[in-house]
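Heads up, my_file_20.cif below (mmCIF, N, CA and C atoms):
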data_upload
#
loop_
_atom_site.label_atom_id
_atom_site.label_comp_id
_atom_site.auth_asym_id
_atom_site.auth_seq_id
_atom_site.Cartn_x
_atom_site.Cartn_y
_atom_site.Cartn_z
N MET A 52 19.27 72.77 67.39
CA MET A 52 19.37 74.17 67.06
C MET A 52 18.13 74.57 66.28
N PRO A 53 17.39 75.58 66.71
CA PRO A 53 16.18 75.98 66.00
C PRO A 53 16.52 76.62 64.67
N CYS A 54 15.54 76.61 63.78
CA CYS A 54 15.73 77.16 62.44
C CYS A 54 15.16 78.57 62.33
N ALA A 55 15.19 79.33 63.39
CA ALA A 55 14.68 80.69 63.38
C ALA A 55 15.78 81.63 62.93
N LEU A 56 16.11 81.57 61.66
CA LEU A 56 17.15 82.38 61.07
C LEU A 56 16.52 83.30 60.04
N GLY A 57 17.17 84.37 59.70
CA GLY A 57 16.62 85.28 58.72
C GLY A 57 17.41 85.29 57.43
N GLY A 58 16.76 85.71 56.33
CA GLY A 58 17.40 85.95 55.05
C GLY A 58 18.14 84.77 54.46
N LEU A 59 19.39 85.06 54.06
CA LEU A 59 20.23 84.07 53.39
C LEU A 59 20.55 82.90 54.32
N ALA A 60 20.73 83.17 55.60
CA ALA A 60 21.01 82.10 56.56
C ALA A 60 19.86 81.12 56.63
N ALA A 61 18.62 81.61 56.58
CA ALA A 61 17.45 80.74 56.63
C ALA A 61 17.37 79.87 55.38
N LEU A 62 17.66 80.48 54.22
CA LEU A 62 17.65 79.71 52.98
C LEU A 62 18.72 78.63 52.99
N THR A 63 19.92 78.97 53.48
CA THR A 63 21.00 78.00 53.57
C THR A 63 20.62 76.86 54.50
N ALA A 64 20.02 77.18 55.63
CA ALA A 64 19.59 76.15 56.58
C ALA A 64 18.52 75.26 55.97
N LEU A 65 17.59 75.86 55.24
CA LEU A 65 16.53 75.10 54.61
C LEU A 65 17.10 74.12 53.58
N LEU A 66 18.00 74.62 52.75
CA LEU A 66 18.60 73.78 51.72
C LEU A 66 19.49 72.69 52.31
N SER A 67 20.06 72.93 53.49
CA SER A 67 20.93 71.92 54.09
C SER A 67 20.14 70.95 54.96
N GLY A 68 18.82 71.11 55.04
CA GLY A 68 17.99 70.15 55.75
C GLY A 68 17.77 70.46 57.20
N CYS A 69 17.80 71.72 57.58
CA CYS A 69 17.57 72.09 58.96
C CYS A 69 16.22 71.54 59.42
N GLY A 70 16.25 70.86 60.54
CA GLY A 70 15.01 70.32 61.09
C GLY A 70 14.69 68.93 60.59
N HIS A 71 15.47 68.37 59.67
CA HIS A 71 15.23 67.03 59.15
C HIS A 71 16.46 66.18 59.42
N GLU A 72 16.22 65.00 59.92
CA GLU A 72 17.33 64.08 60.13
C GLU A 72 17.43 63.15 58.94
N ALA A 73 18.63 62.80 58.58
CA ALA A 73 18.83 61.85 57.48
C ALA A 73 18.36 60.48 57.94
N VAL A 74 17.65 59.79 57.07
CA VAL A 74 17.16 58.45 57.37
C VAL A 74 17.98 57.46 56.55
N ALA A 75 18.61 56.55 57.23
CA ALA A 75 19.42 55.54 56.53
C ALA A 75 18.49 54.54 55.87
N GLN A 76 18.77 54.23 54.62
CA GLN A 76 17.97 53.25 53.91
C GLN A 76 18.53 51.87 54.18
N SER A 77 17.67 50.96 54.61
CA SER A 77 18.13 49.60 54.88
C SER A 77 18.09 48.80 53.59
N PRO A 78 18.98 47.83 53.46
CA PRO A 78 18.98 47.01 52.25
C PRO A 78 17.69 46.21 52.14
N VAL A 79 17.32 45.90 50.93
CA VAL A 79 16.11 45.12 50.68
C VAL A 79 16.32 43.72 51.27
N ALA A 80 15.37 43.27 52.06
CA ALA A 80 15.45 41.93 52.63
C ALA A 80 15.28 40.90 51.51
N CYS A 81 15.97 39.79 51.64
CA CYS A 81 15.84 38.76 50.62
C CYS A 81 15.60 37.40 51.28
N ARG A 82 14.97 36.54 50.51
CA ARG A 82 14.65 35.19 50.98
C ARG A 82 15.60 34.18 50.37
N THR A 83 15.67 33.04 51.00
CA THR A 83 16.44 31.92 50.46
C THR A 83 15.74 31.41 49.21
N LEU A 84 16.52 31.05 48.20
CA LEU A 84 15.95 30.51 46.96
C LEU A 84 15.27 29.17 47.21
N PRO A 85 14.22 28.86 46.45
CA PRO A 85 13.63 27.52 46.51
C PRO A 85 14.68 26.49 46.10
N PRO A 86 14.49 25.22 46.47
CA PRO A 86 15.47 24.18 46.15
C PRO A 86 15.80 24.11 44.65
N ALA A 87 17.04 23.74 44.37
CA ALA A 87 17.54 23.64 43.00
C ALA A 87 16.98 22.41 42.29
N GLN A 88 16.74 22.56 40.99
CA GLN A 88 16.30 21.44 40.16
C GLN A 88 17.46 20.88 39.33
N LEU A 89 18.50 21.69 39.15
CA LEU A 89 19.67 21.26 38.38
C LEU A 89 20.88 21.14 39.30
N PRO A 90 21.82 20.23 38.97
CA PRO A 90 23.04 20.14 39.77
C PRO A 90 23.83 21.44 39.69
N HIS A 91 24.56 21.77 40.73
CA HIS A 91 25.44 22.93 40.80
C HIS A 91 24.68 24.25 40.85
N SER A 92 23.39 24.22 41.08
CA SER A 92 22.59 25.43 41.14
C SER A 92 22.30 25.78 42.60
N ALA A 93 22.21 27.08 42.87
CA ALA A 93 21.86 27.55 44.21
C ALA A 93 20.36 27.45 44.46
N GLY A 94 19.56 27.44 43.38
CA GLY A 94 18.12 27.36 43.53
C GLY A 94 17.42 27.54 42.20
N THR A 95 16.11 27.28 42.21
CA THR A 95 15.29 27.36 41.00
C THR A 95 14.04 28.18 41.26
N LEU A 96 13.74 29.12 40.36
CA LEU A 96 12.51 29.89 40.42
C LEU A 96 11.56 29.41 39.33
N THR A 97 10.26 29.49 39.61
CA THR A 97 9.22 29.15 38.64
C THR A 97 8.25 30.33 38.53
N GLU A 98 7.25 30.17 37.68
CA GLU A 98 6.26 31.24 37.48
C GLU A 98 5.45 31.54 38.75
N THR A 99 5.50 30.68 39.75
CA THR A 99 4.78 30.92 40.99
C THR A 99 5.62 31.67 42.03
N ASP A 100 6.91 31.87 41.73
CA ASP A 100 7.81 32.56 42.66
C ASP A 100 7.92 34.03 42.30
N SER A 101 7.85 34.87 43.32
CA SER A 101 8.06 36.31 43.13
C SER A 101 8.66 36.84 44.41
N GLY A 102 9.05 38.09 44.40
CA GLY A 102 9.68 38.68 45.58
C GLY A 102 11.17 38.83 45.36
N THR A 103 11.90 38.94 46.47
CA THR A 103 13.35 39.17 46.41
C THR A 103 14.07 37.98 47.01
N TYR A 104 15.05 37.47 46.28
CA TYR A 104 15.81 36.29 46.67
C TYR A 104 17.29 36.62 46.78
N CYS A 105 18.00 35.90 47.66
CA CYS A 105 19.44 36.09 47.87
C CYS A 105 20.23 35.11 47.01
N LEU A 106 21.36 35.59 46.48
CA LEU A 106 22.26 34.74 45.71
C LEU A 106 23.68 35.26 45.93
N ARG A 107 24.61 34.36 46.16
CA ARG A 107 26.02 34.75 46.34
C ARG A 107 26.71 34.94 45.00
N VAL A 108 27.72 35.79 44.98
CA VAL A 108 28.53 35.95 43.78
C VAL A 108 29.12 34.58 43.43
N GLY A 109 29.03 34.22 42.16
CA GLY A 109 29.49 32.92 41.69
C GLY A 109 28.40 31.86 41.67
N GLY A 110 27.26 32.15 42.30
CA GLY A 110 26.16 31.20 42.37
C GLY A 110 25.37 31.13 41.07
N GLN A 111 24.80 29.97 40.80
CA GLN A 111 23.96 29.76 39.62
C GLN A 111 22.50 29.73 40.05
N LEU A 112 21.65 30.38 39.26
CA LEU A 112 20.22 30.42 39.50
C LEU A 112 19.52 29.93 38.24
N ASP A 113 18.58 29.03 38.41
CA ASP A 113 17.82 28.50 37.28
C ASP A 113 16.38 29.00 37.36
N VAL A 114 15.78 29.22 36.20
CA VAL A 114 14.39 29.65 36.11
C VAL A 114 13.69 28.73 35.12
N PHE A 115 12.53 28.20 35.51
CA PHE A 115 11.72 27.37 34.62
C PHE A 115 10.29 27.88 34.67
N LEU A 116 9.86 28.54 33.59
CA LEU A 116 8.50 29.08 33.50
C LEU A 116 7.66 28.17 32.63
N THR A 117 6.58 27.65 33.17
CA THR A 117 5.73 26.70 32.47
C THR A 117 4.48 27.39 31.94
N ALA A 118 4.20 27.16 30.66
CA ALA A 118 3.01 27.74 30.02
C ALA A 118 1.76 27.03 30.51
N ASN A 119 0.69 27.81 30.64
CA ASN A 119 -0.61 27.24 30.97
C ASN A 119 -1.37 27.05 29.68
N GLY A 120 -1.54 25.82 29.24
CA GLY A 120 -2.26 25.55 28.00
C GLY A 120 -1.30 25.23 26.87
N THR A 121 -1.85 24.95 25.74
CA THR A 121 -1.05 24.54 24.59
C THR A 121 -0.89 25.63 23.55
N GLN A 122 -1.54 26.78 23.74
CA GLN A 122 -1.45 27.86 22.77
C GLN A 122 -0.09 28.55 22.85
N MET A 123 0.44 28.95 21.71
CA MET A 123 1.72 29.64 21.67
C MET A 123 1.68 30.94 22.48
N SER A 124 0.52 31.60 22.57
CA SER A 124 0.43 32.86 23.31
C SER A 124 0.61 32.64 24.81
N ALA A 125 0.44 31.41 25.28
CA ALA A 125 0.60 31.12 26.69
C ALA A 125 2.06 30.86 27.05
N ARG A 126 2.94 30.72 26.05
CA ARG A 126 4.35 30.45 26.32
C ARG A 126 5.05 31.71 26.79
N TRP A 127 6.02 31.54 27.67
CA TRP A 127 6.79 32.64 28.20
C TRP A 127 7.90 33.05 27.24
N SER A 128 8.18 34.35 27.19
CA SER A 128 9.32 34.84 26.41
C SER A 128 10.60 34.45 27.16
N PRO A 129 11.76 34.53 26.49
CA PRO A 129 13.01 34.24 27.21
C PRO A 129 13.14 35.11 28.46
N VAL A 130 13.67 34.54 29.52
CA VAL A 130 13.86 35.26 30.77
C VAL A 130 15.04 36.22 30.60
N THR A 131 14.84 37.48 30.99
CA THR A 131 15.89 38.47 30.84
C THR A 131 16.33 39.01 32.20
N SER A 132 17.59 39.41 32.27
CA SER A 132 18.19 40.01 33.44
C SER A 132 18.30 41.52 33.19
N SER A 133 17.88 42.33 34.15
CA SER A 133 17.96 43.79 34.00
C SER A 133 19.41 44.28 34.06
N ALA A 134 20.31 43.46 34.56
CA ALA A 134 21.72 43.84 34.66
C ALA A 134 22.58 42.61 34.36
N PRO A 135 22.73 42.27 33.07
CA PRO A 135 23.50 41.07 32.73
C PRO A 135 24.97 41.14 33.14
N GLN A 136 25.47 42.33 33.46
CA GLN A 136 26.84 42.42 33.95
C GLN A 136 26.93 41.92 35.40
N LEU A 137 25.80 41.82 36.10
CA LEU A 137 25.75 41.31 37.48
C LEU A 137 25.21 39.89 37.54
N LEU A 138 24.16 39.63 36.78
CA LEU A 138 23.53 38.31 36.73
C LEU A 138 23.45 37.92 35.26
N ALA A 139 24.44 37.18 34.82
CA ALA A 139 24.64 36.89 33.41
C ALA A 139 23.96 35.60 32.97
N PRO A 140 23.35 35.62 31.77
CA PRO A 140 22.83 34.37 31.22
C PRO A 140 23.99 33.38 31.05
N ALA A 141 23.70 32.12 31.30
CA ALA A 141 24.74 31.09 31.23
C ALA A 141 24.22 29.87 30.49
N ASN A 142 25.13 29.05 30.08
CA ASN A 142 24.80 27.79 29.42
C ASN A 142 24.78 26.71 30.49
N SER A 143 23.73 25.93 30.50
CA SER A 143 23.60 24.89 31.50
C SER A 143 24.32 23.60 31.12
N GLY A 144 24.92 23.59 29.95
CA GLY A 144 25.49 22.34 29.46
C GLY A 144 24.48 21.72 28.52
N VAL A 145 23.85 20.67 28.96
CA VAL A 145 22.82 20.01 28.16
C VAL A 145 21.49 20.25 28.84
N LEU A 146 20.65 21.06 28.21
CA LEU A 146 19.34 21.36 28.78
C LEU A 146 18.31 21.36 27.67
N THR A 147 17.47 20.35 27.67
CA THR A 147 16.36 20.30 26.73
C THR A 147 15.09 20.35 27.57
N PRO A 148 14.45 21.53 27.62
CA PRO A 148 13.27 21.65 28.47
C PRO A 148 12.07 20.93 27.86
N PRO A 149 11.14 20.52 28.69
CA PRO A 149 9.90 19.95 28.19
C PRO A 149 9.13 20.97 27.35
N VAL A 150 8.26 20.52 26.49
CA VAL A 150 7.42 21.40 25.68
C VAL A 150 6.62 22.30 26.62
N GLY A 151 6.62 23.59 26.30
CA GLY A 151 5.86 24.55 27.10
C GLY A 151 6.64 25.15 28.26
N VAL A 152 7.91 24.78 28.43
CA VAL A 152 8.73 25.32 29.51
C VAL A 152 9.80 26.23 28.92
N THR A 153 9.88 27.46 29.46
CA THR A 153 10.92 28.40 29.08
C THR A 153 11.99 28.38 30.17
N PRO A 154 13.21 27.94 29.84
CA PRO A 154 14.27 27.89 30.86
C PRO A 154 15.13 29.15 30.85
N GLY A 155 15.79 29.38 31.94
CA GLY A 155 16.79 30.44 32.04
C GLY A 155 17.82 30.01 33.06
N VAL A 156 19.08 30.13 32.72
CA VAL A 156 20.17 29.81 33.64
C VAL A 156 21.03 31.06 33.75
N PHE A 157 21.32 31.48 34.98
CA PHE A 157 22.06 32.72 35.22
C PHE A 157 23.15 32.48 36.26
N VAL A 158 24.25 33.21 36.12
CA VAL A 158 25.35 33.15 37.08
C VAL A 158 25.60 34.55 37.63
N ALA A 159 25.70 34.65 38.95
CA ALA A 159 25.97 35.93 39.60
C ALA A 159 27.46 36.25 39.49
N THR A 160 27.78 37.39 38.87
CA THR A 160 29.18 37.75 38.63
C THR A 160 29.67 38.89 39.52
N ALA A 161 28.76 39.66 40.11
CA ALA A 161 29.14 40.79 40.96
C ALA A 161 27.97 41.15 41.88
N PRO A 162 28.26 41.79 43.02
CA PRO A 162 27.18 42.19 43.93
C PRO A 162 26.26 43.23 43.32
N GLY A 163 25.00 43.20 43.72
CA GLY A 163 24.02 44.17 43.26
C GLY A 163 22.62 43.59 43.30
N THR A 164 21.67 44.35 42.80
CA THR A 164 20.27 43.93 42.76
C THR A 164 19.80 43.91 41.31
N VAL A 165 19.16 42.82 40.92
CA VAL A 165 18.78 42.58 39.53
C VAL A 165 17.33 42.12 39.46
N GLN A 166 16.65 42.52 38.40
CA GLN A 166 15.30 42.04 38.12
C GLN A 166 15.37 40.99 37.03
N LEU A 167 14.73 39.86 37.25
CA LEU A 167 14.52 38.87 36.20
C LEU A 167 13.08 39.00 35.77
N SER A 168 12.83 38.90 34.46
CA SER A 168 11.45 39.05 34.00
C SER A 168 11.20 38.29 32.71
N SER A 169 9.91 38.04 32.48
CA SER A 169 9.43 37.40 31.26
C SER A 169 7.95 37.74 31.15
N ARG A 170 7.40 37.49 29.97
CA ARG A 170 5.97 37.73 29.77
C ARG A 170 5.46 36.83 28.65
N THR A 171 4.16 36.71 28.60
CA THR A 171 3.53 35.99 27.50
C THR A 171 2.92 37.00 26.55
N SER A 172 2.66 36.60 25.32
CA SER A 172 2.09 37.55 24.36
C SER A 172 0.65 37.91 24.71
N ASP A 173 0.02 37.14 25.59
CA ASP A 173 -1.34 37.50 26.00
C ASP A 173 -1.35 38.39 27.25
N GLY A 174 -0.16 38.92 27.64
CA GLY A 174 -0.11 39.95 28.67
C GLY A 174 0.28 39.51 30.07
N LYS A 175 0.43 38.24 30.31
CA LYS A 175 0.83 37.79 31.64
C LYS A 175 2.30 38.11 31.86
N ARG A 176 2.65 38.58 33.06
CA ARG A 176 4.02 38.97 33.36
C ARG A 176 4.54 38.20 34.57
N TRP A 177 5.85 37.92 34.55
CA TRP A 177 6.53 37.31 35.69
C TRP A 177 7.76 38.15 36.00
N GLN A 178 8.02 38.34 37.28
CA GLN A 178 9.20 39.10 37.69
C GLN A 178 9.64 38.64 39.07
N ALA A 179 10.95 38.59 39.27
CA ALA A 179 11.54 38.32 40.57
C ALA A 179 12.79 39.18 40.70
N THR A 180 13.11 39.53 41.93
CA THR A 180 14.30 40.33 42.20
C THR A 180 15.35 39.42 42.84
N VAL A 181 16.61 39.62 42.42
CA VAL A 181 17.71 38.83 42.97
C VAL A 181 18.72 39.80 43.55
N ARG A 182 18.99 39.63 44.85
CA ARG A 182 20.02 40.46 45.51
C ARG A 182 21.28 39.61 45.63
N ILE A 183 22.33 40.06 44.96
CA ILE A 183 23.58 39.33 44.89
C ILE A 183 24.55 39.92 45.91
N GLY A 184 25.10 39.06 46.75
CA GLY A 184 26.02 39.55 47.76
C GLY A 184 27.19 38.63 47.96
#

Would you mind writing the file's structure down as structure tokens?
Amino acid sequence: MPCALGGLAALTALLSGCGHEAVAQSPVACRTLPPAQLPHSAGTLTETDSGTYCLRVGGQLDVFLTANGTQMSARWSPVTSSAPQLLAPANSGVLTPPVGVTPGVFVATAPGTVQLSSRTSDGKRWQATVRIG
């Protein structure tokens, strides 16, 4: 149907999207997690991993960020979840990381998309996206 309408009808058609089709947004594609380093984990991310990863509800995800060098500024801050109600920090049981390694253990509690992130005081940033389904 053409949009050759006048006055109020033309404004109504314009506001309702006359001439434009709705475009369905596809879900963000996700990759399989790298192999797990801890028992009972779905996978492990490191400072070299980025992008979007898949995780099932109830799954555990581990993160181990290793500092480059011995300076405190090269150490990573604690890994944070942008939505702890979906991807919650968890206790790994007994975990004593090597010097210079910042660990993070998370459990997926509900479907959604979450950002994990950390940074060093000298400005280096790490981020990965986790799609929970």

Could you write out, as a CSV table (one decimal) with N, CA and C atoms, in the coordinates of the input, all the residues of region 85-161 of chain A that DSSP marks as strand (DSSP E or B)?
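part12.csv, freshly written:
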chain,number,residue,atom,x,y,z
A,94,GLY,N,19.6,27.4,43.4
A,94,GLY,CA,18.1,27.4,43.5
A,94,GLY,C,17.4,27.5,42.2
A,95,THR,N,16.1,27.3,42.2
A,95,THR,CA,15.3,27.4,41.0
A,95,THR,C,14.0,28.2,41.3
A,96,LEU,N,13.7,29.1,40.4
A,96,LEU,CA,12.5,29.9,40.4
A,96,LEU,C,11.6,29.4,39.3
A,97,THR,N,10.3,29.5,39.6
A,97,THR,CA,9.2,29.2,38.6
A,97,THR,C,8.2,30.3,38.5
A,103,THR,N,11.9,38.9,46.5
A,103,THR,CA,13.4,39.2,46.4
A,103,THR,C,14.1,38.0,47.0
A,104,TYR,N,15.0,37.5,46.3
A,104,TYR,CA,15.8,36.3,46.7
A,104,TYR,C,17.3,36.6,46.8
A,105,CYS,N,18.0,35.9,47.7
A,105,CYS,CA,19.4,36.1,47.9
A,105,CYS,C,20.2,35.1,47.0
A,106,LEU,N,21.4,35.6,46.5
A,106,LEU,CA,22.3,34.7,45.7
A,106,LEU,C,23.7,35.3,45.9
A,111,GLN,N,24.8,30.0,40.8
A,111,GLN,CA,24.0,29.8,39.6
A,111,GLN,C,22.5,29.7,40.0
A,112,LEU,N,21.6,30.4,39.3
A,112,LEU,CA,20.2,30.4,39.5
A,112,LEU,C,19.5,29.9,38.2
A,113,ASP,N,18.6,29.0,38.4
A,113,ASP,CA,17.8,28.5,37.3
A,113,ASP,C,16.4,29.0,37.4
A,114,VAL,N,15.8,29.2,36.2
A,114,VAL,CA,14.4,29.6,36.1
A,114,VAL,C,13.7,28.7,35.1
A,115,PHE,N,12.5,28.2,35.5
A,115,PHE,CA,11.7,27.4,34.6
A,115,PHE,C,10.3,27.9,34.7
A,116,LEU,N,9.9,28.5,33.6
A,116,LEU,CA,8.5,29.1,33.5
A,116,LEU,C,7.7,28.2,32.6
A,117,THR,N,6.6,27.6,33.2
A,117,THR,CA,5.7,26.7,32.5
A,117,THR,C,4.5,27.4,31.9
A,127,TRP,N,6.0,31.5,27.7
A,127,TRP,CA,6.8,32.6,28.2
A,127,TRP,C,7.9,33.0,27.2
A,131,THR,N,14.8,37.5,31.0
A,131,THR,CA,15.9,38.5,30.8
A,131,THR,C,16.3,39.0,32.2
A,132,SER,N,17.6,39.4,32.3
A,132,SER,CA,18.2,40.0,33.4
A,132,SER,C,18.3,41.5,33.2
A,138,LEU,N,24.2,39.6,36.8
A,138,LEU,CA,23.5,38.3,36.7
A,138,LEU,C,23.4,37.9,35.3
A,139,ALA,N,24.4,37.2,34.8
A,139,ALA,CA,24.6,36.9,33.4
A,139,ALA,C,24.0,35.6,33.0
A,140,PRO,N,23.4,35.6,31.8
A,140,PRO,CA,22.8,34.4,31.2
A,140,PRO,C,24.0,33.4,31.0
A,152,VAL,N,7.9,24.8,28.4
A,152,VAL,CA,8.7,25.3,29.5
A,152,VAL,C,9.8,26.2,28.9
A,153,THR,N,9.9,27.5,29.5
A,153,THR,CA,10.9,28.4,29.1
A,153,THR,C,12.0,28.4,30.2
A,154,PRO,N,13.2,27.9,29.8
A,154,PRO,CA,14.3,27.9,30.9
A,154,PRO,C,15.1,29.2,30.8
A,155,GLY,N,15.8,29.4,31.9
A,155,GLY,CA,16.8,30.4,32.0
A,155,GLY,C,17.8,30.0,33.1
A,156,VAL,N,19.1,30.1,32.7
A,156,VAL,CA,20.2,29.8,33.6
A,156,VAL,C,21.0,31.1,33.8
A,157,PHE,N,21.3,31.5,35.0
A,157,PHE,CA,22.1,32.7,35.2
A,157,PHE,C,23.2,32.5,36.3
A,158,VAL,N,24.2,33.2,36.1
A,158,VAL,CA,25.4,33.2,37.1
A,158,VAL,C,25.6,34.6,37.6
A,159,ALA,N,25.7,34.6,39.0
A,159,ALA,CA,26.0,35.9,39.6
A,159,ALA,C,27.5,36.2,39.5

Please determine, counting only C-alpha atoms, which residue among A:Gln166, A:Gln88, A:Ser132, A:Thr160 has the shortest atom-to-atom distance to Phe115 (chain A).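 Of the candidates, the smallest distance to Phe115 (chain A) is held by A:Gln88.
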
Just the residues within 10 Å of Val156 (chain A), please, counting only C-alpha atoms, with nothing from its chain fewer than 3 positions along; format it as a count of residues only. 16

Which of A:Ala159, A:Ala118, A:Leu96, A:Val150 sits closest to Gln136 (chain A) [using all atoms listed in the file]: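 Under the stated criterion, the closest residue is A:Ala159.
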
For this structure, which residues satisfy the selection - the PyMOL selection byres ((chain A and resi 106) around 6.5) - when it is evaluated on the file as given? I want them as a tab-separated table (two decimals) with N, CA and C atoms, in the frame of the given file.
chain	number	residue	atom	x	y	z
A	104	TYR	N	15.05	37.47	46.28
A	104	TYR	CA	15.81	36.29	46.67
A	104	TYR	C	17.29	36.62	46.78
A	105	CYS	N	18.00	35.90	47.66
A	105	CYS	CA	19.44	36.09	47.87
A	105	CYS	C	20.23	35.11	47.01
A	107	ARG	N	24.61	34.36	46.16
A	107	ARG	CA	26.02	34.75	46.34
A	107	ARG	C	26.71	34.94	45.00
A	108	VAL	N	27.72	35.79	44.98
A	108	VAL	CA	28.53	35.95	43.78
A	108	VAL	C	29.12	34.58	43.43
A	110	GLY	N	27.26	32.15	42.30
A	110	GLY	CA	26.16	31.20	42.37
A	110	GLY	C	25.37	31.13	41.07
A	181	VAL	N	16.61	39.62	42.42
A	181	VAL	CA	17.71	38.83	42.97
A	181	VAL	C	18.72	39.80	43.55
A	182	ARG	N	18.99	39.63	44.85
A	182	ARG	CA	20.02	40.46	45.51
A	182	ARG	C	21.28	39.61	45.63
A	183	ILE	N	22.33	40.06	44.96
A	183	ILE	CA	23.58	39.33	44.89
A	183	ILE	C	24.55	39.92	45.91
A	184	GLY	N	25.10	39.06	46.75
A	184	GLY	CA	26.02	39.55	47.76
A	184	GLY	C	27.19	38.63	47.96

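The spacing separating atom N of Arg126 (chain A) from atom C of Gly163 (chain A) amounts to 29.2 Å.
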
Starting from the PyMOL selection byres ((chain A and resi 84) around 6.5), expand the selection into actual residues of this file and give them as a short mmCIF file (atom, residue, chain, number, x, y, z; two decimals) with N, CA and C atoms, in the frame of the given file.
data_model
loop_
_atom_site.label_atom_id
_atom_site.label_comp_id
_atom_site.auth_asym_id
_atom_site.auth_seq_id
_atom_site.Cartn_x
_atom_site.Cartn_y
_atom_site.Cartn_z
N ARG A 82 14.97 36.54 50.51
CA ARG A 82 14.65 35.19 50.98
C ARG A 82 15.60 34.18 50.37
N THR A 83 15.67 33.04 51.00
CA THR A 83 16.44 31.92 50.46
C THR A 83 15.74 31.41 49.21
N PRO A 85 14.22 28.86 46.45
CA PRO A 85 13.63 27.52 46.51
C PRO A 85 14.68 26.49 46.10
N PRO A 86 14.49 25.22 46.47
CA PRO A 86 15.47 24.18 46.15
C PRO A 86 15.80 24.11 44.65
N ALA A 87 17.04 23.74 44.37
CA ALA A 87 17.54 23.64 43.00
C ALA A 87 16.98 22.41 42.29
N ALA A 93 22.21 27.08 42.87
CA ALA A 93 21.86 27.55 44.21
C ALA A 93 20.36 27.45 44.46
N GLY A 94 19.56 27.44 43.38
CA GLY A 94 18.12 27.36 43.53
C GLY A 94 17.42 27.54 42.20
N THR A 95 16.11 27.28 42.21
CA THR A 95 15.29 27.36 41.00
C THR A 95 14.04 28.18 41.26
N TYR A 104 15.05 37.47 46.28
CA TYR A 104 15.81 36.29 46.67
C TYR A 104 17.29 36.62 46.78
N CYS A 105 18.00 35.90 47.66
CA CYS A 105 19.44 36.09 47.87
C CYS A 105 20.23 35.11 47.01
#

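Here atom C of Trp177 (chain A) stands at a distance of 9.8 Å from CA of Gly102 (chain A).
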